Each structure stands twice: as structure tokens, then as C-alpha cells.
Amino acid sequence: MKDILWQTIQAVKATSPLVHNITNYVVMNNTANALLAAGASPVMAHAHSEIEAMTGIASALVINIGTLDEYWVESMRRAVLEAEKLQKPWVLDPVGAGATPYRDRVLEELLKHKPTVVRGNASEILALASKGTGTKGVDSINESTEALDAAIVLSKNTGAVICVSGAEDLLVQQAQGLSITNGHPLMAKITGMGCTATALIGACCAVLPAQPLLATAAAMALMGIAGEMAAEKSAGPGSLQLHFLDMLHTLSENDFMQRLKLKQLDAAF
Amino acid sequence: MKDILWQTIQAVKATSPLVHNITNYVVMNNTANALLAAGASPVMAHAHSEIEAMTGIASALVINIGTLDEYWVESMRRAVLEAEKLQKPWVLDPVGAGATPYRDRVLEELLKHKPTVVRGNASEILALASKGTGTKGVDSINESTEALDAAIVLSKNTGAVICVSGAEDLLVQQAQGLSITNGHPLMAKITGMGCTATALIGACCAVLPAQPLLATAAAMALMGIAGEMAAEKSAGPGSLQLHFLDMLHTLSENDFMQRLKLKQLDAAF
Amino acid sequence: MKDILWQTIQAVKATSPLVHNITNYVVMNNTANALLAAGASPVMAHAHSEIEAMTGIASALVINIGTLDEYWVESMRRAVLEAEKLQKPWVLDPVGAGATPYRDRVLEELLKHKPTVVRGNASEILALASKGTGTKGVDSINESTEALDAAIVLSKNTGAVICVSGAEDLLVQQAQGLSITNGHPLMAKITGMGCTATALIGACCAVLPAQPLLATAAAMALMGIAGEMAAEKSAGPGSLQLHFLDMLHTLSENDFMQRLKLKQLDAAF
């Protein structure tokens, strides 16, 4: 399985898939830079006058509701319908699920259109599965393991791969589960690392559309390993951001294979 | 007083208050990263469909009109009303005051809703007090000392703490005044350093709501000391930005106490 | 000619012209930082309620359609009319030309208002001249030399200086042509480097409005030389971004003169 993950990361570099992002204002720059550093070709577009056309030429769609409003939600709705129609992979980042009733209504509607993957922190995934203990804005107040049951329910109900990111990343697709424990705590001190993960999942789904669980694992492994290697040389969140982009661009197969902490979740699951 | 400032900075780290920002597109990423580096939890949200809900769960509100438009001004209006109603601290950054009549009209209205703190550069504070000699876009063409009288008038008229930032930061609350002379000229070569200061004031007000003058001083001292220490190791504005975030995260009590250049403005004031 | 380019770069530092940007969400932060590092004074503003007022106080206008929508297109339209009326230089960045019919319609209309300079990658310039072989989102799939004929046609039809940026930058004004071959391939792995080039062209046009071909050459030379010097000390796109801003701020006359690879395009042209 490790080989498939590495090959997926290499396929992004080799084919440079166009990833259409409808994402939040805070992270657009980070997201575009992370996709470029990983070898993909990002485009950000939200105008109602072109939304279907842009989704139509992209290989994957990424929807992130971080700074949603009424106009942008309509853009997301249309893009998601187009992706569903054209059977293109699309990934949902439910930023701040549970923080306001509006976010929950929007997410409920988007979830009906069969996302390929949903990636959130534990609080967000708990909120999505209506088990939330309340979220505090956009940062998680729960550990990812608390959200495992919620992820299983959500995956069964939506058909999507559910990825709960945190110190341990939990990836669930129906009866299958994976765990990745790479990464570094300092990553939580940069805004948009979760959003970057979601965008990289989009890039990996673009090159491995038939196996979204493995595509998600490839992206989360890349995030975690690039992040921990970057953190090891960083004096704080500012330098982490720089080294993280450098590592996305330069990560070697050797480092990837030696550092990857991936395991299958056992049958009890 | 130095101890209270340091304790305030530590309280932000310890309690990680949620700070609701309605700010401009240019600096959203910087602002979120600075708040995270300082230990706060940022959220950016502006949709009319959720604005009161988001202000309602936050511990402080930050309003920055840098890239205002009609929709966003309505978001600001509603958020400010909610903060006033719930008696939550809110901080105003009057970016580009005096540059266009529209900005001045919007600011006049926002000022009626009793901001806890207003932070701007000298040109902006002069414009707010209707004494402006004209602004040039969003960069100051006046020294902060020229704006002291304007700050005193504004503080009396609005009840807010007024902070004029510059080579010398002047903080005024009614008959009280403080001066902080930390910082470095290279900080003016990064966009959004003023906006970051305003957001950090919001975080400090969240943990010390009853003493907004000291909360403002804590934030401005943190900015200035982190900025000057970062500038000392920087080859230009790119590296300053990185080191500044690192310093916000790692600043020690020893460095803070030894470097702080704080004085009370004398009675003649 | 080399001296005029260097003097133009110095004039930006000396006079700090106000550059009004209506640009995309992804790059606003980079653009503002690059303009500041080069010595200019950036302002980003798009509200219909102030758009003419802001263009009115600026020395140059930069229009970039990267994340256009219906509201922003109206802002661009009004700003461009005002710049035309006041005879201020304005620069167009046709991001994603050819990617969707909407972008092409908007660009067709904007081009009627006599931009001073148009800067795009080869795919965008080919699309603008209706010779496009199709674009892939916002990244070029053509070499700049393939777009030379298109640039000549466009310059004749619009009266604008046309700049095709790439490994070789081609600058065309009617019967005159220049080539600059500074730069580094890693620059393509950072988002918004093209947008930054366009903004710097705006700053240079502000100080040399009567000679837009030379102003464009000054900006592209600064980009290329700062970029290649930055790339030489960078381990990847994250560190390139940092060093690039540092170099914009600190580039010396000696390095500029020794590295500049500028030539006139020959008569056969």
C-alpha cells in the first residue's frame, strides 16, 4: 500500500491535474502554493457566470466553507451539481461545522450531493454526524479518536471517505479504516493546514479517482511527513510555513517510506 | 504595570480566546497566523446569515474596513450591534480613513456603537477626528505625535481607548496616556502589520475586558518587541514576516521585560 | 537603456506612488507586499461606493481578473473608465484568458478602454488575440515565443504595450520589441508571481507614464533579477517567496547591471 501512496504523489507531479477550489479567503494563497509545490495546477473561481465551465475543465473540485456567504454558497451548490453530473471527484471541507446553524444547513445540503471525500477535524466531524459537543469557532476541541464512530456513521450515510485529521488521522470508507500518525503539533499554529490537506486530497483524487481512500491516505501522508520534517527545522510557525512548502516540493521517496506511520484499523472496527 | 502586560499576553496563550474578525482580504491570512502564533483562536466570518451567531460565541470582535464594500459594511454593522448588546469588547481599525468619503461615512456610523478600542496610524486618527491633512491611500503621511490632540478629542467623544501606532505608539483613554517606543522601521514594509496589531488588541481585550487601556498596551508591546527582535535577524521584509510570527510564538518573559519601552504620558497631557 | 530602467526602479522608491489594485483574492497579500518591498504604496479597493474616488487619488491602476465575479467586474469597469478619463496609466492582467467564455467576454470589454500595458503568460496572450490553443486554468501551456505574433497583433489593435512573460519575457509596443531572459523556473511554483509582475509594472508606469515600454521593462527586469537571485539561495518555493521579497527591497545597482539580460528584438520583427 505504501507504494501506491508514493506513486499517487508522483502522479500529481507528473500530470499536474487542474484542481478547482471554491475555498475561503484566509487560505487561498496557502492552498494555491501548496498545490503548486506538490505539482498540481490550482484554479480559484466562484463567479456564477463561469462556475460550471470551470468545474467542467478541472480534474477535481474542492469545496471549503470557511468564509461562506449566500453568493458563495450558490457557487458551491452549482459546482457540486456539475461535478456530480460529470462524475468528477469532489472533496468537502466543513470548516466550522457546528459553530452556527447556517453552516449546518449549508453542509446538510452539500452532503446530499455525494462528496467523494469529507475531511474535517474531530469537532467538525462530530458536528456533521449530529453528535457534536459544540465547536469553538474553527479549531477542534476534540481528539480525532473521539470522532471515529461519527466517521463510520457518516461514511455509511453519505458513501464518502471520511477523514478525521488530528494528531492521529483516521480515514474511514464504509467497513475499511486507516490510521496515519505523522505530523507535528506546531502545524496547528498555522492557519489553513487543514484546508491545505483537503486541497491535496483533491489533487490525489484527480489522479486516482477510482480509489478515494488511498488517494486520501496519499495526501494525508504527504501532509504529515512534509509537516514533521519541516517542523524539525523550524523555530516557530513562521518558519514552519516556509519549510513546509519547501518539503512538499522536495520530499524524497526514501524519507517518505522511512517515516510513514500508516496502519489499517483492525477488524473490531 | 509591566507585569500586568506580560500576564495579559500569557492569559491569551492559556485561554485561547475566540476572536471574531471581519477584516480585509489582503491581511486575513497574516491576521489569522498572528492570532494563532500568539495563542488565540481566530475566526473570520461575514455572512449575514450567521453574523450575530458568530459574534455571539466569540470573546472579542475585530472590525477592519480595509477592503470594505456595501455587503461587508452591513456585516460590520450587525456584528457591532451584537457586540454592543452583549457587552463584548470590540476593536475598530479605520483603514484608509480620509481616503474616500465612503470610508468616512462608514466610520462615522461605526463609531456611534462604542468601540472599546480604535487603532490607526496618525493620518487615520487625524482623519477620524476631522483634522486630517489628507491621507495617501492606506499608508500614513503623518507622525504619531502629530495626532496626539486628535486622539484625546476622539477618546473623549467616543469613550474608546485610542491607539495611534507609529515609531512611537500613543495610547489614550480619556485623561490617561501611555507611550510605547518599541518596533522597527522595516515593519512598515510588510502589509498588514497595523491590522495585526488591531487583531492582537482584540485578543488581549478578550482576556482583560475591564481594562482596555492595559490590554491595548499589552498587544502593542508584544507587536513592537516581537517586531524589533525579528527585524534584527532579517535581511528584508520577507524574512521579517517569518521571524515575526516565530517571535510572537516564542517571546520570553526575560526579553519582554528587558526590551519594553513604556512610559506614562505626563500630566501636562 | 539599462540606466533608464534602474532609474525607474529608484524613482518608485523615491516617490512611493499610490497604486490602486483591483485584483484577485489569492494574491492580494503577495501583491501588496511586493509593492511595499519595491517602495510603492499599494491600496486594494473595489466598493462601487468609492471606486472612482480611489482611482482618482492613485497614480496608477492595476486590474487583475483572477477571481472575478459580477460585482467585481463592475468595479473594474468603473475604475478603468475613470483611469481613461483622467489619463492615468492602467495595467491589465488577463488571468485565465481562454479558460471560460465569461473571462473572454469581460476581457473583450476591458480591452476597449485602452490599457497602457497588458501582461499575461503565453496561453493568455494567445487567447486574447483569439489564437488560443486552449488554456489549462491559469497556468500557461505555451512558450512565450509562440505568442510573439499574437502580441504584435494585440499591440496594434489596442495601442497597449503587450508583455508575454515566461522563461523569455517578450515586450511589444507597435513596431518596437524587447526581450528579457532573467528569472528562474522555480518562480512558476509560487502562486501570483505573474500578478506581482503586473503590479510592479503599474508602479513603474506611475513614475514613467510617458514611456510604458520602458516602465514595463524596468518592472520585468526587477522581477527576473530579484527572482533569480532569490532562487539561488532557496531550497524550494517557500524559501523562494521569502528571499524574493527581501531581494525586491535590497537589490543593488551593481547586481542589477551585471545580471540584466535585455536585448532589442531585431528588425525582422
# chains A, B, ... in the order shown; residues from 1 in each chain; ligands from 1
>>> select_by_dssp(residues="stretch 89-248 of chain C", states="alpha helix (DSSP H)", output="PyMOL selection string")
chain C and resi 101-111+122-128+148-158+193-207+212-232+237-248
>>> closest_atom_pairs(of="stretch 144-259 of chain C", to="stretch 221-240 of chain B", cutoff="9 Å", atoms="only C-alpha atoms", output="Markdown table")
| residue | atom | partner | partner_atom | distance |
| --- | --- | --- | --- | --- |
| C:Gln241 | CA | B:Gly238 | CA | 7.3 |
| C:Leu242 | CA | B:Gly238 | CA | 4.3 |
| C:His243 | CA | B:Gly238 | CA | 6.3 |
| C:Phe244 | CA | B:Gly238 | CA | 7.3 |
| C:Leu245 | CA | B:Gly238 | CA | 4.8 |
| C:Asp246 | CA | B:Gly236 | CA | 4.2 |
| C:Met247 | CA | B:Gly236 | CA | 7.4 |
| C:Leu248 | CA | B:Gly236 | CA | 8.6 |
| C:His249 | CA | B:Gly236 | CA | 6.4 |
| C:Thr250 | CA | B:Gly236 | CA | 7.1 |
>>> residues_around(residues="stretch 261-267 of chain B", least_positions_apart="5", cutoff="7 Å", atoms="only C-alpha atoms", output="ChimeraX atom specification")
/B:177-182
>>> write_last_selection(atoms="N, CA, C and O atoms", output="compact mmCIF listing (two decimals), in the first residue's frame")
# COMPACT_ATOMS: atom_id res chain seq x y z
N GLY B 177 -2.68 58.47 29.53
CA GLY B 177 -1.95 58.24 28.29
C GLY B 177 -0.71 57.41 28.51
O GLY B 177 -0.06 57.49 29.56
N LEU B 178 -0.38 56.56 27.50
CA LEU B 178 0.82 55.75 27.55
C LEU B 178 1.57 55.90 26.23
O LEU B 178 0.96 56.18 25.19
N SER B 179 2.86 55.66 26.29
CA SER B 179 3.69 55.70 25.09
C SER B 179 4.55 54.44 25.06
O SER B 179 5.11 54.04 26.08
N ILE B 180 4.63 53.83 23.89
CA ILE B 180 5.49 52.65 23.70
C ILE B 180 6.37 52.93 22.49
O ILE B 180 5.87 53.30 21.43
N THR B 181 7.68 52.75 22.66
CA THR B 181 8.59 53.08 21.55
C THR B 181 9.39 51.87 21.08
O THR B 181 10.51 52.00 20.61
N ASN B 182 8.80 50.69 21.20
CA ASN B 182 9.43 49.52 20.60
C ASN B 182 9.08 49.47 19.11
O ASN B 182 8.30 50.27 18.62
>>> select_by_dssp(residues="stretch 73-253 of chain B", states="strand (DSSP E)", output="number ranges by chain")
B: 90-93, 117-121, 161-165, 169-173, 176-180
>>> closest_atom_pairs(of="chain B", to="chain A", cutoff="9 Å", atoms="only C-alpha atoms", output="tab-separated table")
residue	atom	partner	partner_atom	distance
B:Leu18	CA	A:Gly137	CA	6.8
B:Val19	CA	A:Gly137	CA	8.8
B:His20	CA	A:Gly137	CA	8.6
B:Tyr25	CA	A:Tyr25	CA	6.5
B:Val27	CA	A:Val26	CA	8.2
B:Met28	CA	A:Val26	CA	5.1
B:Asn29	CA	A:Val26	CA	4.8
B:Asn30	CA	A:Val26	CA	8.5
B:Thr31	CA	A:Val26	CA	8.9
B:Ala32	CA	A:Thr191	CA	6.1
B:Asn33	CA	A:Thr191	CA	5.6
B:Ala34	CA	A:Ile190	CA	8.8
B:Leu36	CA	A:Lys189	CA	5.4
B:Ala37	CA	A:Lys189	CA	5.9
B:Gly39	CA	A:Lys189	CA	8.1
B:Ser41	CA	A:Asp139	CA	7.0
B:Pro42	CA	A:Gly137	CA	7.6
B:Val43	CA	A:Gly137	CA	6.0
B:Met44	CA	A:Thr67	CA	6.5
B:Ala45	CA	A:Thr67	CA	5.4
B:His46	CA	A:Thr67	CA	7.0
B:Ala47	CA	A:Asp69	CA	4.5
B:His48	CA	A:Asp69	CA	7.3
B:Ser49	CA	A:Tyr102	CA	6.2
B:Glu50	CA	A:Tyr102	CA	5.8
B:Ile51	CA	A:Thr100	CA	9.0
B:Ala53	CA	A:Thr100	CA	6.0
B:Met54	CA	A:Thr100	CA	6.7
B:Ile57	CA	A:Lys136	CA	7.7
B:Ala58	CA	A:Gly137	CA	7.8
B:Gln241	CA	A:Gly238	CA	7.4
B:Leu242	CA	A:Gly238	CA	4.3
B:His243	CA	A:Gly238	CA	6.3
B:Phe244	CA	A:Gly238	CA	7.3
B:Leu245	CA	A:Gly238	CA	4.8
B:Asp246	CA	A:Gly236	CA	4.2
B:Met247	CA	A:Gly236	CA	7.4
B:Leu248	CA	A:Gly236	CA	8.6
B:His249	CA	A:Gly236	CA	6.4
B:Thr250	CA	A:Gly236	CA	7.1
>>> residues_around(residues="A:Ile9", least_positions_apart="4", cutoff="8 Å", atoms="only C-alpha atoms", output="short mmCIF file (atom, residue, chain, number, x, y, z; two decimals) with N, CA, C and O atoms, in the first residue's frame")
data_model
loop_
_atom_site.label_atom_id
_atom_site.label_comp_id
_atom_site.auth_asym_id
_atom_site.auth_seq_id
_atom_site.Cartn_x
_atom_site.Cartn_y
_atom_site.Cartn_z
N LEU A 5 0.66 4.81 -2.43
CA LEU A 5 0.59 6.18 -1.95
C LEU A 5 1.68 7.04 -2.60
O LEU A 5 1.43 8.14 -3.09
N LYS A 13 2.63 15.07 -9.56
CA LYS A 13 3.74 15.85 -10.15
C LYS A 13 3.83 15.63 -11.67
O LYS A 13 4.12 16.57 -12.41
N ALA A 38 3.23 20.83 -4.63
CA ALA A 38 3.04 19.39 -4.79
C ALA A 38 2.92 18.99 -6.26
O ALA A 38 2.80 17.80 -6.57
N CYS A 204 -4.92 14.44 -5.23
CA CYS A 204 -4.67 12.99 -5.30
C CYS A 204 -5.88 12.24 -5.86
O CYS A 204 -5.72 11.28 -6.62
N ALA A 218 -2.77 9.06 0.61
CA ALA A 218 -1.57 9.63 -0.01
C ALA A 218 -1.41 11.09 0.39
O ALA A 218 -0.32 11.54 0.78
N ALA A 219 -2.51 11.84 0.32
CA ALA A 219 -2.45 13.26 0.64
C ALA A 219 -2.14 13.49 2.12
O ALA A 219 -1.31 14.34 2.47
N LEU A 222 1.50 12.69 2.82
CA LEU A 222 2.35 13.77 2.32
C LEU A 222 2.33 14.96 3.29
O LEU A 222 3.38 15.50 3.66
#
>>> closest_residue(among="A:Cys205, A:Val80, A:Leu61, A:Leu35", to="A:Glu109", atoms="only C-alpha atoms")
A:Val80
>>> residues_around(residues="B:Ala129", least_positions_apart="5", cutoff="12 Å", atoms="only C-alpha atoms", output="VMD selection string")
chain B and resid 94 97 to 98 104 107 to 108 111 118 120 122 to 124 147 to 158 162
>>> atom_distance(atom1="atom CA of C:Ala160", atom2="atom CA of C:Pro115")
5.9 Å
>>> atom_distance(atom1="atom CA of B:Glu84", atom2="atom CA of B:Ser165")
25.0 Å
>>> residues_around(residues="B:Thr15", least_positions_apart="3", cutoff="8 Å", atoms="only C-alpha atoms", output="PyMOL selection string")
chain B and resi 11-12+40+207
>>> residues_around(residues="B:Pro212", least_positions_apart="4", cutoff="9 Å", atoms="only C-alpha atoms", output="list in words")
Pro89, Thr116, Val117, Ala160, Val161, Gln173, Ile201, Cys204, Cys205, Leu208, Thr216 and Ala217 of chain B
